[in-house]
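Shown next: start-v1.pdb, containing PDB, C-alpha atoms.
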ATOM      1  CA  MET M   1     -13.890   6.301  42.264  1.00  0.00           C
ATOM      2  CA  ALA M   2     -14.901   6.899  38.684  1.00  0.00           C
ATOM      3  CA  LYS M   3     -14.450   4.176  36.096  1.00  0.00           C
ATOM      4  CA  PRO M   4     -10.848   4.326  34.888  1.00  0.00           C
ATOM      5  CA  SER M   5     -12.078   3.621  31.359  1.00  0.00           C
ATOM      6  CA  LEU M   6     -13.776   7.038  31.148  1.00  0.00           C
ATOM      7  CA  ASP M   7     -11.772   9.489  29.106  1.00  0.00           C
ATOM      8  CA  GLU M   8     -10.917  12.774  30.793  1.00  0.00           C
ATOM      9  CA  VAL M   9     -13.396  14.837  28.738  1.00  0.00           C
ATOM     10  CA  LYS M  10     -16.305  12.499  29.554  1.00  0.00           C
ATOM     11  CA  ARG M  11     -15.324  12.284  33.228  1.00  0.00           C
ATOM     12  CA  ALA M  12     -15.072  16.077  33.504  1.00  0.00           C
ATOM     13  CA  ASP M  13     -18.486  16.460  31.850  1.00  0.00           C
ATOM     14  CA  LEU M  14     -20.049  13.978  34.262  1.00  0.00           C
ATOM     15  CA  VAL M  15     -18.443  15.635  37.290  1.00  0.00           C
ATOM     16  CA  GLY M  16     -19.838  18.986  36.128  1.00  0.00           C
ATOM     17  CA  ARG M  17     -23.284  17.442  35.772  1.00  0.00           C
ATOM     18  CA  LEU M  18     -22.943  15.907  39.229  1.00  0.00           C
ATOM     19  CA  MET M  19     -22.131  19.269  40.799  1.00  0.00           C
ATOM     20  CA  THR M  20     -25.116  20.835  39.014  1.00  0.00           C
ATOM     21  CA  ALA M  21     -27.403  18.069  40.291  1.00  0.00           C
ATOM     22  CA  ARG M  22     -26.083  18.448  43.841  1.00  0.00           C
ATOM     23  CA  ARG M  23     -26.730  22.189  43.725  1.00  0.00           C
ATOM     24  CA  ALA M  24     -30.252  21.402  42.519  1.00  0.00           C
ATOM     25  CA  VAL M  25     -30.746  19.161  45.585  1.00  0.00           C
ATOM     26  CA  ARG M  26     -29.539  21.965  47.852  1.00  0.00           C
ATOM     27  CA  ASP M  27     -31.765  24.543  46.175  1.00  0.00           C
ATOM     28  CA  ALA M  28     -34.830  22.287  46.268  1.00  0.00           C
ATOM     29  CA  LYS M  29     -34.294  21.649  49.977  1.00  0.00           C
ATOM     30  CA  LYS M  30     -33.934  25.365  50.601  1.00  0.00           C
ATOM     31  CA  ALA M  31     -37.158  25.998  48.679  1.00  0.00           C
ATOM     32  CA  ALA M  32     -38.896  23.117  50.505  1.00  0.00           C
ATOM     33  CA  ASP M  33     -39.892  21.648  47.119  1.00  0.00           C
ATOM     34  CA  PRO M  34     -40.085  17.857  47.542  1.00  0.00           C
ATOM     35  CA  GLU M  35     -40.810  17.187  43.862  1.00  0.00           C
ATOM     36  CA  ALA M  36     -37.803  19.193  42.701  1.00  0.00           C
ATOM     37  CA  GLU M  37     -35.682  17.535  45.379  1.00  0.00           C
ATOM     38  CA  ALA M  38     -36.712  14.055  44.230  1.00  0.00           C
ATOM     39  CA  THR M  39     -35.934  14.986  40.618  1.00  0.00           C
ATOM     40  CA  ALA M  40     -32.539  16.348  41.655  1.00  0.00           C
ATOM     41  CA  HIS M  41     -31.735  13.209  43.681  1.00  0.00           C
ATOM     42  CA  ARG M  42     -32.566  11.079  40.628  1.00  0.00           C
ATOM     43  CA  ALA M  43     -30.201  13.233  38.555  1.00  0.00           C
ATOM     44  CA  VAL M  44     -27.429  12.733  41.132  1.00  0.00           C
ATOM     45  CA  ASP M  45     -28.008   8.981  41.052  1.00  0.00           C
ATOM     46  CA  GLU M  46     -27.968   8.834  37.237  1.00  0.00           C
ATOM     47  CA  VAL M  47     -24.674  10.706  37.023  1.00  0.00           C
ATOM     48  CA  LYS M  48     -23.098   8.642  39.804  1.00  0.00           C
ATOM     49  CA  GLN M  49     -24.069   5.490  37.903  1.00  0.00           C
ATOM     50  CA  ALA M  50     -22.561   6.901  34.707  1.00  0.00           C
ATOM     51  CA  LEU M  51     -19.357   7.647  36.629  1.00  0.00           C
ATOM     52  CA  GLY M  52     -19.317   4.088  37.983  1.00  0.00           C
ATOM     53  CA  GLU M  53     -19.730   5.174  41.598  1.00  0.00           C
ATOM     54  CA  ARG M  54     -23.053   3.352  41.862  1.00  0.00           C
ATOM     55  CA  GLY M  55     -24.617   0.468  40.035  1.00  0.00           C
ATOM     56  CA  PRO M  56     -22.856  -2.591  38.660  1.00  0.00           C
ATOM     57  CA  VAL M  57     -19.168  -2.918  39.444  1.00  0.00           C
ATOM     58  CA  TRP M  58     -16.798  -1.903  36.664  1.00  0.00           C
ATOM     59  CA  TRP M  59     -13.791  -3.880  37.824  1.00  0.00           C
ATOM     60  CA  ASP M  60     -13.141  -7.470  36.886  1.00  0.00           C
ATOM     61  CA  ASP M  61     -10.360  -8.564  39.232  1.00  0.00           C
ATOM     62  CA  GLY M  62     -12.649 -10.603  41.489  1.00  0.00           C
ATOM     63  CA  SER M  63     -12.614  -8.065  44.321  1.00  0.00           C
ATOM     64  CA  PRO M  64     -15.895  -7.888  46.217  1.00  0.00           C
ATOM     65  CA  ASP M  65     -18.209  -4.912  45.899  1.00  0.00           C
ATOM     66  CA  LEU M  66     -18.005  -3.305  49.326  1.00  0.00           C
ATOM     67  CA  ASN M  67     -19.875  -0.131  48.451  1.00  0.00           C
ATOM     68  CA  ARG M  68     -22.432   0.798  51.065  1.00  0.00           C
ATOM     69  CA  HIS M  69     -20.647  -1.267  53.721  1.00  0.00           C
ATOM     70  CA  MET M  70     -19.091   0.208  56.819  1.00  0.00           C
ATOM     71  CA  VAL M  71     -15.371  -0.521  56.734  1.00  0.00           C
ATOM     72  CA  LYS M  72     -15.585  -2.119  60.192  1.00  0.00           C
ATOM     73  CA  ASN M  73     -17.820  -4.794  58.623  1.00  0.00           C
ATOM     74  CA  THR M  74     -15.447  -5.663  55.777  1.00  0.00           C
ATOM     75  CA  LEU M  75     -12.189  -7.505  55.297  1.00  0.00           C
ATOM     76  CA  TYR M  76     -10.473  -4.097  55.698  1.00  0.00           C
ATOM     77  CA  ALA M  77     -11.590  -3.684  59.334  1.00  0.00           C
ATOM     78  CA  ASP M  78      -8.187  -4.466  60.888  1.00  0.00           C
ATOM     79  CA  TRP M  79      -6.338  -2.197  58.447  1.00  0.00           C
ATOM     80  CA  TYR M  80      -8.745   0.658  59.105  1.00  0.00           C
ATOM     81  CA  ALA M  81      -8.538   0.245  62.885  1.00  0.00           C
ATOM     82  CA  LYS M  82      -4.740   0.442  62.707  1.00  0.00           C
ATOM     83  CA  LEU M  83      -4.925   3.474  60.445  1.00  0.00           C
ATOM     84  CA  ALA M  84      -7.274   5.264  62.837  1.00  0.00           C
ATOM     85  CA  ARG M  85      -4.799   4.673  65.687  1.00  0.00           C
ATOM     86  CA  SER M  86      -1.760   5.809  63.697  1.00  0.00           C
ATOM     87  CA  ASP M  87      -0.152   9.240  63.957  1.00  0.00           C
ATOM     88  CA  HIS M  88      -1.912  10.189  60.741  1.00  0.00           C
ATOM     89  CA  GLY M  89      -5.374   9.722  62.210  1.00  0.00           C
ATOM     90  CA  GLY M  90      -8.409   8.402  60.384  1.00  0.00           C
ATOM     91  CA  LEU M  91      -9.587   9.015  56.876  1.00  0.00           C
TER
END

Translate the structure described by the file into structure tokens.
Amino acid sequence: MAKPSLDEVKRADLVGRLMTARRAVRDAKKAADPEAEATAHRAVDEVKQALGERGPVWWDDGSPDLNRHMVKNTLYADWYAKLARSDHGGL
């Protein structure tokens, strides 16, 4: 989730830059160009940090940072297991 404090214009700009960077990753892989791919991955990371999807947490309510954790290894494990068994299926 992007930082809620980002205004819509800034968020839209960053999302556009993210899509451009992801296309650059795809194109570099297709061209088998490891240097271009590394550059593109760095661009993806920079934009994701600017969006608040990576890097320091942007919330201040005391909730833990569970990014990069499998849900089964978090305090949401029971909720997720029930959700996966429900009629609605998993996420």

The PyMOL selection byres ((chain M and resi 50-64) around 10) - which residues does that actually catch in the file I just gave you? List them as a CSV table (one decimal) with C-alpha atoms, in the coordinates of the input.
chain,number,residue,atom,x,y,z
M,1,MET,CA,-13.9,6.3,42.3
M,2,ALA,CA,-14.9,6.9,38.7
M,3,LYS,CA,-14.4,4.2,36.1
M,4,PRO,CA,-10.8,4.3,34.9
M,5,SER,CA,-12.1,3.6,31.4
M,6,LEU,CA,-13.8,7.0,31.1
M,10,LYS,CA,-16.3,12.5,29.6
M,11,ARG,CA,-15.3,12.3,33.2
M,12,ALA,CA,-15.1,16.1,33.5
M,14,LEU,CA,-20.0,14.0,34.3
M,15,VAL,CA,-18.4,15.6,37.3
M,18,LEU,CA,-22.9,15.9,39.2
M,44,VAL,CA,-27.4,12.7,41.1
M,45,ASP,CA,-28.0,9.0,41.1
M,46,GLU,CA,-28.0,8.8,37.2
M,47,VAL,CA,-24.7,10.7,37.0
M,48,LYS,CA,-23.1,8.6,39.8
M,49,GLN,CA,-24.1,5.5,37.9
M,65,ASP,CA,-18.2,-4.9,45.9
M,66,LEU,CA,-18.0,-3.3,49.3
M,67,ASN,CA,-19.9,-0.1,48.5
M,68,ARG,CA,-22.4,0.8,51.1
M,74,THR,CA,-15.4,-5.7,55.8
M,75,LEU,CA,-12.2,-7.5,55.3

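With distances restricted to only C-alpha atoms, M:Val71 is the closest residue to Ala84 (chain M) from M:Val71, M:Gly16, M:Thr39, M:Ala21.
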
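Between CA of Asp13 (chain M) and CA of Ala31 (chain M) there is a distance of 26.9 Å.
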
Enclosing box along x, y and z for every listed atom of region 21-35 of chain M, padded 6 Å each side, centre and size in Å, one decimal, as lines of an AutoDock Vina configuration file:
center_x = -33.4
center_y = 21.6
center_z = 45.4
size_x = 26.7
size_y = 20.8
size_z = 22.3

Item checked: Coordinates-based distance that separates CA of His41 (chain M) from CA of Glu8 (chain M) (Å, one decimal) ->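 If I compute the distance from CA of Glu8 (chain M) to CA of His41 (chain M), I get 24.5 Å.
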
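You can rank M:Tyr76, M:Val25, M:Lys82, M:His69 by their closest distance to Arg42 (chain M) using only C-alpha atoms, and at the top of that list sits M:Val25.
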
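As for CA of Thr20 (chain M) and CA of Glu37 (chain M), they are spaced 12.8 Å apart.
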
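Using all atoms listed in the file, the smallest distance between any of M:Trp79, M:Ala24, M:Lys72, M:Val9 and Ala43 (chain M) comes from M:Ala24.
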